[in-house]
Number of protein chains: 2
Amino acid sequence: MKKTLQNHHRASFSRNFSFKARGFDIQAPVFMPVGTRASVKGLGPDQVRSTGAQIVLGNTYHLHLHPGEDVVAAGGGLAEFTNWHGPMLTDSGGFQVFSLAGINKIADEGVWFTNPANGDEIFLSPEKSIQIQHQLGADIIMAFDDVVDLSAAGRSRTQEAFERTQLWLDRSIAEHRRLSKLSQAPPLLFGIVQGGLDKKLRLKSLEQVQASAVDGIAIGGLSVGETRDEMHEMLSFLAPCYDQSRPRYLMGVGHPVDLRFGIEQGIDMFDCVLPTRNARHGTGWISRSAFGDDSTDAKAAIFEYDVQINFKAERFKLDQSVIEPGCDCWTCMNGYTRSYIRHLLKVGEALGGQLLSIHNLRYLQRICEEYRG
Amino acid sequence: MKKTLQNHHRASFSRNFSFKARGFDIQAPVFMPVGTRASVKGLGPDQVRSTGAQIVLGNTYHLHLHPGEDVVAAGGGLAEFTNWHGPMLTDSGGFQVFSLAGINKIADEGVWFTNPANGDEIFLSPEKSIQIQHQLGADIIMAFDDVVDLSAAGRSRTQEAFERTQLWLDRSIAEHRRLSKLSQAPPLLFGIVQGGLDKKLRLKSLEQVQASAVDGIAIGGLSVGETRDEMHEMLSFLAPCYDQSRPRYLMGVGHPVDLRFGIEQGIDMFDCVLPTRNARHGTGWISRSAFGDDSTDAKAAIFEYDVQINFKAERFKLDQSVIEPGCDCWTCMNGYTRSYIRHLLKVGEALGGQLLSIHNLRYLQRICEEYRG
């Protein structure tokens with residue numbers, strides 16, 4: 001029953017989109033594991049590839065702080081430096097600057113913030129971000145945006161940030177064009193739609209980004225603390241407004257429920273630390289069909305097709321089944337039991353998080369693959 | 001020159017010993033990676049196997065505390081529970097009880113100590129240790145011993161501990177015999193030679209162990225804080241006294257210099273957390289020939305054949321070579337650069353320690369393989 005329903009949804013909503021990023025073909029929908037500091041936490045690139053990942057994300061903010069774009073460039077660019085040898089996307093650093101750093105000053109020129117590691121003041125601007133991303137050597141790079149959070153202080157900056165994001169988009173494009181002329185194989189540049197939960201602003205932002213010479217459309221500023229319903233409503237609102245030719249990327253989203261919803265609202269690309277962060281804390285996803293009628297786990301979060309489970313739970317102590325019976329991830333295929341993984345998680349052995357990360361990443365890739373048909 | 005000298009040493013001192021542990025052939029000399037809590041820290045069993053490891057060690061003390069021998073047994077024993085599917089050795093718990101636990105009481109009957117995780121009082125005795133090890137399902141198990149440290153309090157117990165270790169050896173053997181009659185494929189039992197740095201006591205202990213019905217001879221209580229010269233002197237002293245038929249196991253030793261020295265003094269087996277613990281802190285080993293005439297690293301510790309290097313050092317920032325040029329470990333064969341590994345280690349990404357652990361483990365296995373000829 002479930003299966004039929006799911007297939008019906010897929011048939012209706014899959015747009016079977018694909019695009020080229022430099023030499024690489026990207027098949028959408030696609031989930032991008034996050035390698036914040038040039039590593040998908042705890043996993044080697046071969047393990048990441050085993051999950052079906054096509055493209056990995058790196059964070060410009062973190063990589064600029066360490067090891068620095070000069071070090072990455074000397075290593076042949078991010079894909080070679082990390083031994084991934086596949087397509088990569090870098091974000092612009094905007095989100096991290098505004099969420100992680102101690103900001104000293106924001107102006108149209110750019111942002112001055114403090115390096116938390118050593119107290120140095122660092123300056124980031126659209127030009128600087130695009131320069132760093134070109135030097136990091138990603139295949140897809142992102143425009144630099146002014147991001148507001150959902151706090152009162154953040155909300156009071158909404159209009160200002162919206163206008164500055166438009167200004168910075170144009171300057172990001174100009175800098176990207178300048179650098180692309182010097183490059184044999186320039187990356188794609190994506191623009192970022194902002195506007196918080198304000199539909200008017202969102203639409204205006206989307207129109208502005210789509211009117212620009214960018215290669216893809218990213219939806220930023222969602223999954224930042226709003227409710228799931230609020231996010232889904234915004235995705236439904238924007239769905240009819242995208243043009244057909246360019247990839248659409250929903251930034252920072254990675255819960256199976258939101259992935260399914262996003263794909264059905266025409267989103268092509270996703271990224272999130274959730275599958276790996278959850279795994280390190282013992283939380284994994286399995287399908288409803290693998291979960292069955294198990295009602296003994298009061299703490300499992302049960303969704304329409306997906307169940308989120310804490311694998312540290314006592315009831316897995318002697319459970320000799322794999323994380324998700326029938327799963328084709330490396331961890332499940334090799335017979336690692338819930339009992340063993342629970343033990344590793346409970347005593348803090350890193351292998352537990354690694355094994356569960358592989359499973360969670362594969363779980364999201366499989367959702368994407370199912371929608372690809 | 002060095003190479004010739006090294007080969008000469010090897011030819012003189014290799015005893016080319018091998019033995020069977022249940023169904024498994026063990027080729028000596030052999031280094032056993034330590035999987036304290038049912039995991040060689042940060043590595044999957046496939047990665048451990050890639051280093052050339054034949055046999056992995058598990059710690060009875062840690063496994064008794066979590067997940068408990070009943071959980072391991074329910075998972076098919078340690079080799080199946082951990083997905084290693086190869087030979088395993090468990091220690092008796094003696095060393096950990098005396099070095100890690102808060103001891104409440106020591107008597108001939110056994111040891112009462114406090115579980116640091118929850119404050120519960122736990123009792124361990126020769127009988128109990130052997131029962132746990134049989135239940136864990138290792139292929140080689142160890143007699144339970146009374147271990148003294150090098151503190152004044154420890155030294156004052158030397159004679160008492162020596163006598164109790166003899167008493168406990170006989171009881172370990174008796175319990176092992178009783179349980180082996182109930183088993184289709186009983187493990188090997190090794191006895192442990194103690195006696196600190198007192199040659200008379202050591203010799204008496206060795207004679208006592210060799211006179212017992214044990215399958216192997218372990219040297220315990222070394223590499224616990226004494227100088228390298230003191231340890232080497234004791235190994236040289238004991239070297240002529242071993243019988244030829246049984247494997248000899250030097251417990252807790254894993255520095256390349258001590259491995260080489262031990263092998264040349266007739267030792268067949270080693271275990272140590274050093275290769276993986278060092279790796280997590282950024283320290284790796286490479287051969288003198290790979291190090292070459294590099295005198296720019298003032299902090300490298302240079303030994304006759306081996307160099308110990310801190311790979312977090314600034315000078316590796318842009319170094320595009322692998323950890324050890326010419327090395328056949330998975331990490332070096334796959335081209336992971338010093339520059340990348342340094343970055344990972346500096347920012348605390350677990351992958352750095354994992355990649356270096358693979359190298360360090362392979363480095364020790366290669367020493368063993370070279371001596372095997």
# chains A, B, ... in the order shown; residues from 1 in each chain; ligands from 1
call {"tool": "interface_residues", "arguments": {"of": "chain B", "to": "chain A", "cutoff": "6 Å", "atoms": "only C-alpha atoms", "output": "list of chain:residue names"}}
result
B:Gly42, B:Pro67, B:His343, B:Ala350, B:Leu351
call {"tool": "select_by_dssp", "arguments": {"residues": "segment 213-364 of chain A", "states": "strand (DSSP E or B)", "output": "NGL selection string"}}
result
:A and (216-219 or 248-250 or 269-272 or 283-287 or 301-302 or 306-310 or 322 or 337)
call {"tool": "select_by_dssp", "arguments": {"residues": "segment 191-363 of chain B", "states": "helix (DSSP H, G or I)", "output": "ChimeraX atom specification"}}
result
/B:199-210,228-241,256-264,274-280,288-291,314-316,330-333,338-347,350-363
call {"tool": "residues_around", "arguments": {"residues": "segment 266-271 of chain B", "least_positions_apart": "6", "cutoff": "7 Å", "atoms": "only C-alpha atoms", "output": "list in words"}}
result
Arg15, Ala28, Pro29, Val30, Phe31, Met32, Pro33, Val34, Ala239, Pro247, Arg248, Tyr249, Leu250, Met251, Gly252, Val253 and Gly254 of chain B
call {"tool": "write_last_selection", "arguments": {"atoms": "all heavy atoms", "output": "short mmCIF file (atom, residue, chain, number, x, y, z; two decimals), in the first residue's frame"}}
result
data_model
loop_
_atom_site.label_atom_id
_atom_site.label_comp_id
_atom_site.auth_asym_id
_atom_site.auth_seq_id
_atom_site.Cartn_x
_atom_site.Cartn_y
_atom_site.Cartn_z
N ARG B 15 63.27 -16.23 13.99
CA ARG B 15 63.14 -17.67 14.29
C ARG B 15 62.04 -18.31 13.45
O ARG B 15 61.80 -19.51 13.57
CB ARG B 15 63.01 -17.91 15.79
CG ARG B 15 61.67 -17.63 16.42
CD ARG B 15 61.72 -17.95 17.91
NE ARG B 15 60.38 -18.07 18.49
CZ ARG B 15 59.91 -19.17 19.06
NH1 ARG B 15 60.64 -20.26 19.15
NH2 ARG B 15 58.68 -19.20 19.57
N ALA B 28 54.61 -15.73 12.97
CA ALA B 28 55.38 -14.80 13.80
C ALA B 28 56.62 -14.33 13.03
O ALA B 28 57.07 -15.04 12.14
CB ALA B 28 55.79 -15.48 15.10
N PRO B 29 57.16 -13.16 13.40
CA PRO B 29 56.63 -12.24 14.41
C PRO B 29 55.38 -11.53 13.93
O PRO B 29 55.22 -11.31 12.74
CB PRO B 29 57.78 -11.25 14.63
CG PRO B 29 58.59 -11.31 13.37
CD PRO B 29 58.43 -12.70 12.83
N VAL B 30 54.52 -11.19 14.90
CA VAL B 30 53.23 -10.60 14.56
C VAL B 30 52.90 -9.46 15.53
O VAL B 30 53.10 -9.58 16.75
CB VAL B 30 52.12 -11.68 14.58
CG1 VAL B 30 52.01 -12.34 15.94
CG2 VAL B 30 50.78 -11.12 14.16
N PHE B 31 52.43 -8.35 14.96
CA PHE B 31 51.95 -7.25 15.79
C PHE B 31 50.42 -7.27 15.81
O PHE B 31 49.79 -7.36 14.76
CB PHE B 31 52.44 -5.89 15.29
CG PHE B 31 51.87 -4.76 16.11
CD1 PHE B 31 52.44 -4.42 17.32
CD2 PHE B 31 50.74 -4.07 15.69
CE1 PHE B 31 51.89 -3.42 18.11
CE2 PHE B 31 50.18 -3.06 16.48
CZ PHE B 31 50.76 -2.74 17.69
N MET B 32 49.84 -7.19 17.01
CA MET B 32 48.38 -7.24 17.16
C MET B 32 47.82 -5.85 17.46
O MET B 32 48.07 -5.31 18.54
CB MET B 32 48.01 -8.20 18.30
CG MET B 32 48.56 -9.61 18.09
SD MET B 32 48.08 -10.77 19.41
CE MET B 32 49.17 -10.25 20.74
N PRO B 33 47.06 -5.27 16.52
CA PRO B 33 46.39 -3.99 16.83
C PRO B 33 45.42 -4.19 17.99
O PRO B 33 44.88 -5.28 18.18
CB PRO B 33 45.63 -3.66 15.54
CG PRO B 33 46.25 -4.50 14.48
CD PRO B 33 46.76 -5.73 15.16
N VAL B 34 45.22 -3.13 18.76
CA VAL B 34 44.40 -3.22 19.96
C VAL B 34 43.00 -2.65 19.69
O VAL B 34 42.85 -1.49 19.33
CB VAL B 34 45.06 -2.47 21.13
CG1 VAL B 34 44.17 -2.54 22.37
CG2 VAL B 34 46.43 -3.05 21.43
N ALA B 239 66.07 -13.85 26.95
CA ALA B 239 66.11 -14.46 25.61
C ALA B 239 66.60 -15.91 25.59
O ALA B 239 65.98 -16.75 24.92
CB ALA B 239 66.92 -13.58 24.67
N PRO B 247 54.82 -20.03 21.54
CA PRO B 247 54.94 -18.62 21.17
C PRO B 247 55.24 -17.75 22.39
O PRO B 247 54.82 -18.07 23.49
CB PRO B 247 53.56 -18.28 20.58
CG PRO B 247 52.64 -19.35 21.05
CD PRO B 247 53.47 -20.56 21.31
N ARG B 248 55.97 -16.66 22.15
CA ARG B 248 56.35 -15.72 23.22
C ARG B 248 55.76 -14.36 22.87
O ARG B 248 55.97 -13.86 21.77
CB ARG B 248 57.87 -15.60 23.29
CG ARG B 248 58.56 -16.93 23.44
CD ARG B 248 59.80 -16.94 22.57
NE ARG B 248 60.46 -18.24 22.57
CZ ARG B 248 61.64 -18.43 21.98
NH1 ARG B 248 62.27 -17.44 21.37
NH2 ARG B 248 62.16 -19.63 22.00
N TYR B 249 55.10 -13.79 23.83
CA TYR B 249 54.30 -12.59 23.58
C TYR B 249 54.74 -11.50 24.55
O TYR B 249 54.61 -11.64 25.76
CB TYR B 249 52.82 -12.97 23.73
CG TYR B 249 51.81 -11.86 23.90
CD1 TYR B 249 52.02 -10.57 23.41
CD2 TYR B 249 50.59 -12.12 24.54
CE1 TYR B 249 51.07 -9.57 23.58
CE2 TYR B 249 49.63 -11.14 24.70
CZ TYR B 249 49.89 -9.86 24.23
OH TYR B 249 48.95 -8.87 24.40
N LEU B 250 55.26 -10.39 24.01
CA LEU B 250 55.68 -9.25 24.82
C LEU B 250 54.51 -8.26 24.87
O LEU B 250 54.19 -7.61 23.87
CB LEU B 250 56.93 -8.60 24.21
CG LEU B 250 57.47 -7.35 24.90
CD1 LEU B 250 57.77 -7.60 26.38
CD2 LEU B 250 58.72 -6.83 24.17
N MET B 251 53.90 -8.15 26.04
CA MET B 251 52.64 -7.40 26.15
C MET B 251 52.86 -5.89 26.20
O MET B 251 53.74 -5.39 26.90
CB MET B 251 51.89 -7.85 27.42
CG MET B 251 51.61 -9.35 27.43
SD MET B 251 50.68 -9.87 28.90
CE MET B 251 49.02 -9.44 28.40
N GLY B 252 52.03 -5.19 25.43
CA GLY B 252 52.00 -3.73 25.53
C GLY B 252 53.16 -3.01 24.86
O GLY B 252 53.40 -1.83 25.14
N VAL B 253 53.85 -3.71 23.99
CA VAL B 253 55.01 -3.09 23.32
C VAL B 253 54.72 -2.89 21.84
O VAL B 253 54.23 -3.80 21.17
CB VAL B 253 56.27 -3.95 23.52
CG1 VAL B 253 57.40 -3.52 22.59
CG2 VAL B 253 56.72 -3.84 24.98
N GLY B 254 54.99 -1.67 21.35
CA GLY B 254 54.64 -1.38 19.97
C GLY B 254 55.44 -0.25 19.34
O GLY B 254 55.09 0.22 18.27
#
call {"tool": "residues_around", "arguments": {"residues": "Leu197 of chain B", "least_positions_apart": "3", "cutoff": "12 Å", "atoms": "only C-alpha atoms", "output": "PyMOL selection string"}}
result
chain B and resi 148-150+155+158+193-194+200-203+219-235+237-238
call {"tool": "residues_around", "arguments": {"residues": "segment 300-315 of chain A", "least_positions_apart": "6", "cutoff": "9 Å", "atoms": "only C-alpha atoms", "output": "ChimeraX atom specification"}}
result
/A:2-3,6,256-257,281-289,291,323,338-339,341-346
